[in-house]
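For reference, upload-v8.cif (mmCIF, C-alpha atoms):
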```cif
data_work
#
loop_
_atom_site.group_PDB
_atom_site.id
_atom_site.type_symbol
_atom_site.label_atom_id
_atom_site.label_comp_id
_atom_site.auth_asym_id
_atom_site.auth_seq_id
_atom_site.Cartn_x
_atom_site.Cartn_y
_atom_site.Cartn_z
ATOM 1 C CA MET O 1189 -40.077 -33.529 60.616
ATOM 2 C CA MET O 1190 -43.840 -33.116 60.884
ATOM 3 C CA ILE O 1191 -45.559 -31.232 63.708
ATOM 4 C CA ARG O 1192 -49.264 -31.869 64.220
ATOM 5 C CA PRO O 1193 -51.441 -30.579 67.074
ATOM 6 C CA ILE O 1194 -53.820 -33.145 68.541
ATOM 7 C CA HIS O 1195 -56.776 -32.133 70.735
ATOM 8 C CA LEU O 1196 -58.071 -34.649 73.250
ATOM 9 C CA ALA O 1197 -60.775 -33.841 75.793
ATOM 10 C CA GLY O 1198 -59.984 -30.157 75.872
ATOM 11 C CA ALA O 1199 -56.204 -30.616 76.192
ATOM 12 C CA ALA O 1200 -53.833 -29.783 73.363
ATOM 13 C CA ILE O 1201 -51.000 -32.216 72.699
ATOM 14 C CA LEU O 1202 -48.253 -31.449 70.259
ATOM 15 C CA ALA O 1203 -47.223 -34.584 68.334
ATOM 16 C CA ILE O 1204 -43.876 -34.483 66.579
ATOM 17 C CA LEU O 1205 -42.988 -37.113 63.989
ATOM 18 C CA ILE O 1206 -39.281 -37.155 63.294
ATOM 19 C CA THR O 1207 -38.220 -38.936 60.127
ATOM 20 C CA PRO O 1208 -34.715 -40.273 60.554
ATOM 21 C CA HIS O 1209 -32.370 -38.604 58.114
ATOM 22 C CA ALA O 1210 -30.190 -41.696 58.039
ATOM 23 C CA LEU O 1211 -32.133 -43.526 55.319
ATOM 24 C CA ALA O 1212 -34.641 -40.863 54.304
ATOM 25 C CA SER O 1213 -33.759 -40.747 50.618
ATOM 26 C CA VAL O 1214 -30.876 -43.085 49.888
ATOM 27 C CA SER O 1215 -31.399 -46.339 48.007
ATOM 28 C CA VAL O 1216 -29.022 -49.095 46.966
ATOM 29 C CA THR O 1217 -28.820 -49.426 43.179
ATOM 30 C CA ALA O 1218 -26.048 -52.074 43.152
ATOM 31 C CA PHE O 1219 -24.437 -54.439 45.651
ATOM 32 C CA GLN O 1220 -21.936 -56.893 44.206
ATOM 33 C CA PHE O 1221 -18.846 -58.929 44.937
ATOM 34 C CA SER O 1222 -16.026 -58.902 42.410
ATOM 35 C CA ARG O 1223 -12.293 -59.107 41.891
ATOM 36 C CA ALA O 1224 -12.006 -55.359 41.234
ATOM 37 C CA GLN O 1225 -13.266 -51.987 42.415
ATOM 38 C CA THR O 1226 -15.881 -49.904 40.606
ATOM 39 C CA GLY O 1227 -14.462 -47.906 37.741
ATOM 40 C CA GLN O 1228 -14.884 -44.375 36.458
ATOM 41 C CA GLY O 1229 -18.456 -43.139 36.826
ATOM 42 C CA CYS O 1230 -19.383 -46.060 39.105
ATOM 43 C CA SER O 1231 -19.078 -48.613 36.292
ATOM 44 C CA LEU O 1232 -19.273 -52.051 37.857
ATOM 45 C CA PRO O 1233 -16.664 -54.738 37.170
ATOM 46 C CA THR O 1234 -17.642 -58.343 36.474
ATOM 47 C CA SER O 1235 -19.667 -59.806 39.329
ATOM 48 C CA VAL O 1236 -18.281 -62.857 41.161
ATOM 49 C CA THR O 1237 -20.449 -65.152 43.279
ATOM 50 C CA SER O 1238 -17.754 -67.106 45.145
ATOM 51 C CA PHE O 1239 -14.081 -66.917 45.964
ATOM 52 C CA LYS O 1240 -11.234 -69.046 47.288
ATOM 53 C CA THR O 1241 -9.080 -68.259 50.307
ATOM 54 C CA THR O 1242 -6.123 -67.982 47.938
ATOM 55 C CA ASP O 1243 -7.727 -65.304 45.704
ATOM 56 C CA SER O 1244 -5.675 -62.130 45.745
ATOM 57 C CA GLU O 1245 -8.616 -59.769 45.093
ATOM 58 C CA ILE O 1246 -11.914 -59.952 47.021
ATOM 59 C CA TRP O 1247 -14.020 -56.783 46.697
ATOM 60 C CA VAL O 1248 -17.536 -55.610 47.487
ATOM 61 C CA ASN O 1249 -18.980 -52.676 45.534
ATOM 62 C CA VAL O 1250 -22.027 -50.695 46.634
ATOM 63 C CA VAL O 1251 -23.710 -47.991 44.549
ATOM 64 C CA VAL O 1252 -26.313 -45.716 46.131
ATOM 65 C CA SER O 1253 -28.574 -43.005 44.750
ATOM 66 C CA GLY O 1254 -30.221 -40.181 46.671
ATOM 67 C CA ALA O 1255 -27.163 -39.455 48.792
ATOM 68 C CA SER O 1256 -26.954 -36.087 50.529
ATOM 69 C CA ALA O 1257 -23.775 -34.110 51.121
ATOM 70 C CA GLY O 1258 -22.343 -35.125 54.479
ATOM 71 C CA ASP O 1259 -23.793 -38.674 54.482
ATOM 72 C CA VAL O 1260 -21.360 -41.410 55.541
ATOM 73 C CA MET O 1261 -21.034 -45.045 54.379
ATOM 74 C CA ARG O 1262 -19.432 -47.785 56.484
ATOM 75 C CA ILE O 1263 -18.885 -51.347 55.309
ATOM 76 C CA ASP O 1264 -18.052 -54.253 57.649
ATOM 77 C CA TRP O 1265 -16.583 -57.642 56.652
ATOM 78 C CA ILE O 1266 -17.821 -60.321 59.068
ATOM 79 C CA SER O 1267 -16.079 -63.699 59.196
ATOM 80 C CA PRO O 1268 -17.900 -67.046 59.216
ATOM 81 C CA SER O 1269 -17.442 -67.083 63.020
ATOM 82 C CA GLY O 1270 -19.376 -63.788 63.326
ATOM 83 C CA GLN O 1271 -16.463 -61.460 64.111
ATOM 84 C CA VAL O 1272 -16.066 -58.114 62.365
ATOM 85 C CA ILE O 1273 -12.666 -58.629 60.749
ATOM 86 C CA PHE O 1274 -12.478 -55.341 58.877
ATOM 87 C CA SER O 1275 -14.528 -52.141 58.961
ATOM 88 C CA ASP O 1276 -14.125 -49.418 56.346
ATOM 89 C CA SER O 1277 -15.596 -45.981 57.148
ATOM 90 C CA PHE O 1278 -15.617 -43.722 54.108
ATOM 91 C CA GLN O 1279 -15.228 -39.950 53.975
ATOM 92 C CA PRO O 1280 -18.533 -38.024 54.030
ATOM 93 C CA VAL O 1281 -20.220 -37.676 50.641
ATOM 94 C CA SER O 1282 -19.206 -34.324 49.136
ATOM 95 C CA THR O 1283 -22.153 -33.775 46.763
ATOM 96 C CA ALA O 1284 -25.706 -35.075 46.581
ATOM 97 C CA GLY O 1285 -26.632 -37.763 44.064
ATOM 98 C CA THR O 1286 -25.219 -41.159 43.142
ATOM 99 C CA ASP O 1287 -22.074 -42.452 44.819
ATOM 100 C CA CYS O 1288 -20.122 -45.693 44.638
ATOM 101 C CA PHE O 1289 -18.132 -47.362 47.383
ATOM 102 C CA GLY O 1290 -15.702 -50.236 47.057
ATOM 103 C CA THR O 1291 -13.785 -51.970 49.777
ATOM 104 C CA TYR O 1292 -11.791 -55.162 49.839
ATOM 105 C CA LEU O 1293 -11.062 -57.994 52.158
ATOM 106 C CA THR O 1294 -7.771 -58.527 50.358
ATOM 107 C CA THR O 1295 -5.931 -57.183 47.315
ATOM 108 C CA GLY O 1296 -2.640 -57.968 45.681
ATOM 109 C CA SER O 1297 -1.205 -54.645 46.859
ATOM 110 C CA ASP O 1298 -2.648 -54.948 50.387
ATOM 111 C CA PRO O 1299 -2.999 -58.639 51.234
ATOM 112 C CA PHE O 1300 -5.125 -59.798 54.155
ATOM 113 C CA GLN O 1301 -3.022 -60.020 57.281
ATOM 114 C CA GLY O 1302 -3.515 -63.562 58.489
ATOM 115 C CA ALA O 1303 -5.488 -66.417 57.052
ATOM 116 C CA ILE O 1304 -8.854 -65.853 55.396
ATOM 117 C CA ALA O 1305 -11.223 -68.393 56.926
ATOM 118 C CA ALA O 1306 -13.173 -70.588 54.541
ATOM 119 C CA GLY O 1307 -16.935 -70.314 54.901
ATOM 120 C CA THR O 1308 -19.722 -67.831 54.299
ATOM 121 C CA TRP O 1309 -18.678 -64.227 54.890
ATOM 122 C CA THR O 1310 -21.191 -61.445 55.507
ATOM 123 C CA VAL O 1311 -20.774 -57.861 54.372
ATOM 124 C CA ARG O 1312 -22.935 -55.208 56.034
ATOM 125 C CA ALA O 1313 -23.270 -51.660 54.738
ATOM 126 C CA TYR O 1314 -24.353 -48.830 57.042
ATOM 127 C CA TRP O 1315 -25.561 -45.385 55.998
ATOM 128 C CA ASN O 1316 -25.112 -42.682 58.649
ATOM 129 C CA SER O 1317 -24.672 -45.536 61.187
ATOM 130 C CA SER O 1318 -28.017 -47.171 60.273
ATOM 131 C CA PRO O 1319 -28.148 -50.585 58.545
ATOM 132 C CA LEU O 1320 -28.529 -50.109 54.784
ATOM 133 C CA THR O 1321 -27.986 -53.510 53.148
ATOM 134 C CA SER O 1322 -26.030 -56.720 53.522
ATOM 135 C CA GLY O 1323 -24.971 -59.735 51.535
ATOM 136 C CA THR O 1324 -23.100 -62.987 51.899
ATOM 137 C CA VAL O 1325 -20.395 -64.581 49.817
ATOM 138 C CA PRO O 1326 -18.899 -68.064 50.087
ATOM 139 C CA ILE O 1327 -15.132 -68.281 50.307
ATOM 140 C CA ALA O 1328 -13.911 -71.849 49.758
ATOM 141 C CA ALA O 1329 -10.592 -73.276 50.869
ATOM 142 C CA GLY O 1330 -8.060 -72.780 48.114
ATOM 143 C CA THR O 1331 -4.920 -74.676 47.420
ATOM 144 C CA THR O 1332 -1.602 -73.142 46.663
ATOM 145 C CA SER O 1333 0.568 -74.831 44.134
ATOM 146 C CA SER O 1334 4.212 -75.292 44.766
ATOM 147 C CA LEU O 1335 6.535 -74.711 41.860
ATOM 148 C CA SER O 1336 10.055 -75.952 41.583
ATOM 149 C CA VAL O 1337 12.778 -75.244 39.092
ATOM 150 C CA HIS O 1338 13.638 -78.596 37.573
ATOM 151 C CA THR O 1339 16.274 -77.416 35.096
ATOM 152 C CA LEU O 1340 18.186 -74.153 34.731
ATOM 153 C CA GLN O 1341 20.433 -73.892 31.730
ATOM 154 C CA LEU O 1342 22.361 -71.137 29.932
ATOM 155 C CA SER O 1343 22.708 -71.257 26.159
ATOM 156 C CA HIS O 1344 23.043 -69.191 22.983
ATOM 157 C CA SER O 1345 19.346 -69.645 22.080
ATOM 158 C CA ALA O 1346 15.907 -70.040 23.601
ATOM 159 C CA ALA O 1347 14.297 -73.395 24.298
ATOM 160 C CA ALA O 1348 12.142 -74.604 21.434
ATOM 161 C CA SER O 1349 8.471 -75.413 21.858
ATOM 162 C CA GLY O 1350 7.840 -78.520 23.900
ATOM 163 C CA CYS O 1351 10.710 -77.597 26.242
ATOM 164 C CA ALA O 1352 13.449 -79.001 24.004
ATOM 165 C CA PHE O 1353 16.563 -77.327 25.357
ATOM 166 C CA PRO O 1354 19.399 -76.209 23.056
ATOM 167 C CA PRO O 1355 22.951 -77.257 23.914
ATOM 168 C CA ALA O 1356 24.109 -75.877 27.271
ATOM 169 C CA VAL O 1357 26.855 -73.256 27.358
ATOM 170 C CA THR O 1358 28.961 -72.673 30.458
ATOM 171 C CA SER O 1359 30.991 -69.638 29.356
ATOM 172 C CA PHE O 1360 30.372 -66.654 27.122
ATOM 173 C CA THR O 1361 32.490 -64.011 25.413
ATOM 174 C CA THR O 1362 31.876 -60.314 24.862
ATOM 175 C CA THR O 1363 31.229 -61.044 21.173
ATOM 176 C CA ASP O 1364 28.302 -63.383 21.897
ATOM 177 C CA THR O 1365 25.118 -61.724 20.612
ATOM 178 C CA GLU O 1366 22.674 -63.621 22.824
ATOM 179 C CA VAL O 1367 22.745 -65.195 26.258
ATOM 180 C CA TRP O 1368 19.637 -67.177 27.201
ATOM 181 C CA SER O 1369 18.581 -68.585 30.543
ATOM 182 C CA ASN O 1370 16.199 -71.512 29.984
ATOM 183 C CA LEU O 1371 14.086 -72.767 32.884
ATOM 184 C CA LEU O 1372 11.983 -75.878 33.215
ATOM 185 C CA ILE O 1373 9.469 -75.409 36.041
ATOM 186 C CA ARG O 1374 7.300 -78.166 37.483
ATOM 187 C CA SER O 1375 4.265 -77.818 39.671
#
```
Can the structure from this file be put into structure tokens for me?
Amino acid sequence: MMIRPIHLAGAAILAILITPHALASVSVTAFQFSRAQTGQGCSLPTSVTSFKTTDSEIWVNVVVSGASAGDVMRIDWISPSGQVIFSDSFQPVSTAGTDCFGTYLTTGSDPFQGAIAAGTWTVRAYWNSSPLTSGTVPIAAGTTSSLSVHTLQLSHSAAASGCAFPPAVTSFTTTDTEVWSNLLIRS
């Protein structure tokens, strides 16, 4: 905050310039999409420029420098139709300096509830409720493959390379040293 007196025609006016704390010193040092979260010490995983609706991991990672204790990051995922589908508000920064934030649209352990729409998604990051940065990522329609078990067979040995099955066995004794289940799966 800067306070400066201004004198006009014999009258004193006090002008106050307030610098918003929201973005005063923070800067974005990395903004990337990936299939994983930032690692130890804010190490960034491999960057990905597009995804499919069937991908199990869709992450955005943001690294900032100049953070102050108490600052707060929020990241919104906005669908191709313009709706905020998911908003992640992080805990306040505990110490000043560099911080990394990762949030996902979907992960294998916490899959997206519903269908991920194909199209260009927007991610917006806010610092202390003020816009900080944003980016877009295309998510293309993906196809799921259906697998079916074509052959299931028990035997005394494993199938050889090329899916050549050994002779089938329908009963075993307690003296048998190996029992193998051989599967032929087709997609």
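Between CA of Ser1213 in chain O and CA of Val1325 in chain O lies a distance of 27.3 Å.
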Spatial neighbours of range 1246-1261 of chain O, 8 Å, only C-alpha atoms, chain gap at least 5 places, as a ChimeraX atom specification: /O:1210,1213-1226,1230,1232,1239,1277-1295,1311,1313-1317
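Within the 12 Å cut-off around Ser1359 in chain O, using only C-alpha atoms and omitting residues fewer than 4 positions from it on the same chain, the listed residues are Gln1341, Leu1342, Ser1343, His1344, Thr1363, Asp1364, Val1367 and Trp1368 of chain O.
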Any idea what's packed within 8 Å of Ser1275 in chain O, counting all atoms listed in the file, ignoring anything in its chain fewer than 3 positions away? Could you give it as an MDAnalysis selection string? chainID O and resid 1262:1265 1272
Taking all atoms listed in the file into account, which of O:Thr1310, O:Ser1269, O:Asp1243, O:Asp1276 comes nearest Thr1324 in chain O? O:Thr1310
Tell me, in Å to one decimal, how far CA of Ser1238 in chain O is from CA of Ile1304 in chain O. 13.6 Å
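Within the 8 Å cut-off around Lys1240 in chain O, using only C-alpha atoms and omitting residues fewer than 2 positions from it on the same chain, the listed residues are Ser1238, Thr1242, Asp1243, Ala1306, Ile1327, Ala1328, Ala1329 and Gly1330 of chain O.
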Missing atoms in range 1213-1227 of chain O: can you complete it with N, CA and C atoms, as a compact mmCIF listing (two decimals), keeping the file's coordinate frame?
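Okay, this is what ended up in part_3.txt:
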```txt
# COMPACT_ATOMS: atom_id res chain seq x y z
N SER O 1213 -33.64 -40.80 52.07
CA SER O 1213 -33.76 -40.75 50.62
C SER O 1213 -32.77 -41.64 49.88
N VAL O 1214 -31.89 -42.30 50.57
CA VAL O 1214 -30.88 -43.08 49.89
C VAL O 1214 -31.42 -44.47 49.55
N SER O 1215 -31.04 -44.97 48.37
CA SER O 1215 -31.40 -46.34 48.01
C SER O 1215 -30.20 -47.01 47.35
N VAL O 1216 -30.11 -48.31 47.54
CA VAL O 1216 -29.02 -49.10 46.97
C VAL O 1216 -29.40 -49.46 45.54
N THR O 1217 -28.56 -49.08 44.58
CA THR O 1217 -28.82 -49.43 43.18
C THR O 1217 -27.96 -50.59 42.72
N ALA O 1218 -26.88 -50.91 43.47
CA ALA O 1218 -26.05 -52.07 43.15
C ALA O 1218 -25.30 -52.52 44.41
N PHE O 1219 -25.22 -53.82 44.57
CA PHE O 1219 -24.44 -54.44 45.65
C PHE O 1219 -23.86 -55.70 45.04
N GLN O 1220 -22.54 -55.74 44.88
CA GLN O 1220 -21.94 -56.89 44.21
C GLN O 1220 -20.55 -57.20 44.74
N PHE O 1221 -20.20 -58.47 44.62
CA PHE O 1221 -18.85 -58.93 44.94
C PHE O 1221 -18.11 -59.08 43.62
N SER O 1222 -16.81 -58.80 43.64
CA SER O 1222 -16.03 -58.90 42.41
C SER O 1222 -14.55 -59.04 42.76
N ARG O 1223 -13.75 -59.06 41.71
CA ARG O 1223 -12.29 -59.11 41.89
C ARG O 1223 -11.67 -57.74 41.59
N ALA O 1224 -12.50 -56.71 41.52
CA ALA O 1224 -12.01 -55.36 41.23
C ALA O 1224 -12.97 -54.33 41.81
N GLN O 1225 -12.48 -53.11 41.91
CA GLN O 1225 -13.27 -51.99 42.42
C GLN O 1225 -14.06 -51.36 41.27
N THR O 1226 -15.12 -50.62 41.62
CA THR O 1226 -15.88 -49.90 40.61
C THR O 1226 -14.95 -48.97 39.84
N GLY O 1227 -15.29 -48.76 38.58
CA GLY O 1227 -14.46 -47.91 37.74
C GLY O 1227 -15.00 -46.49 37.67
```
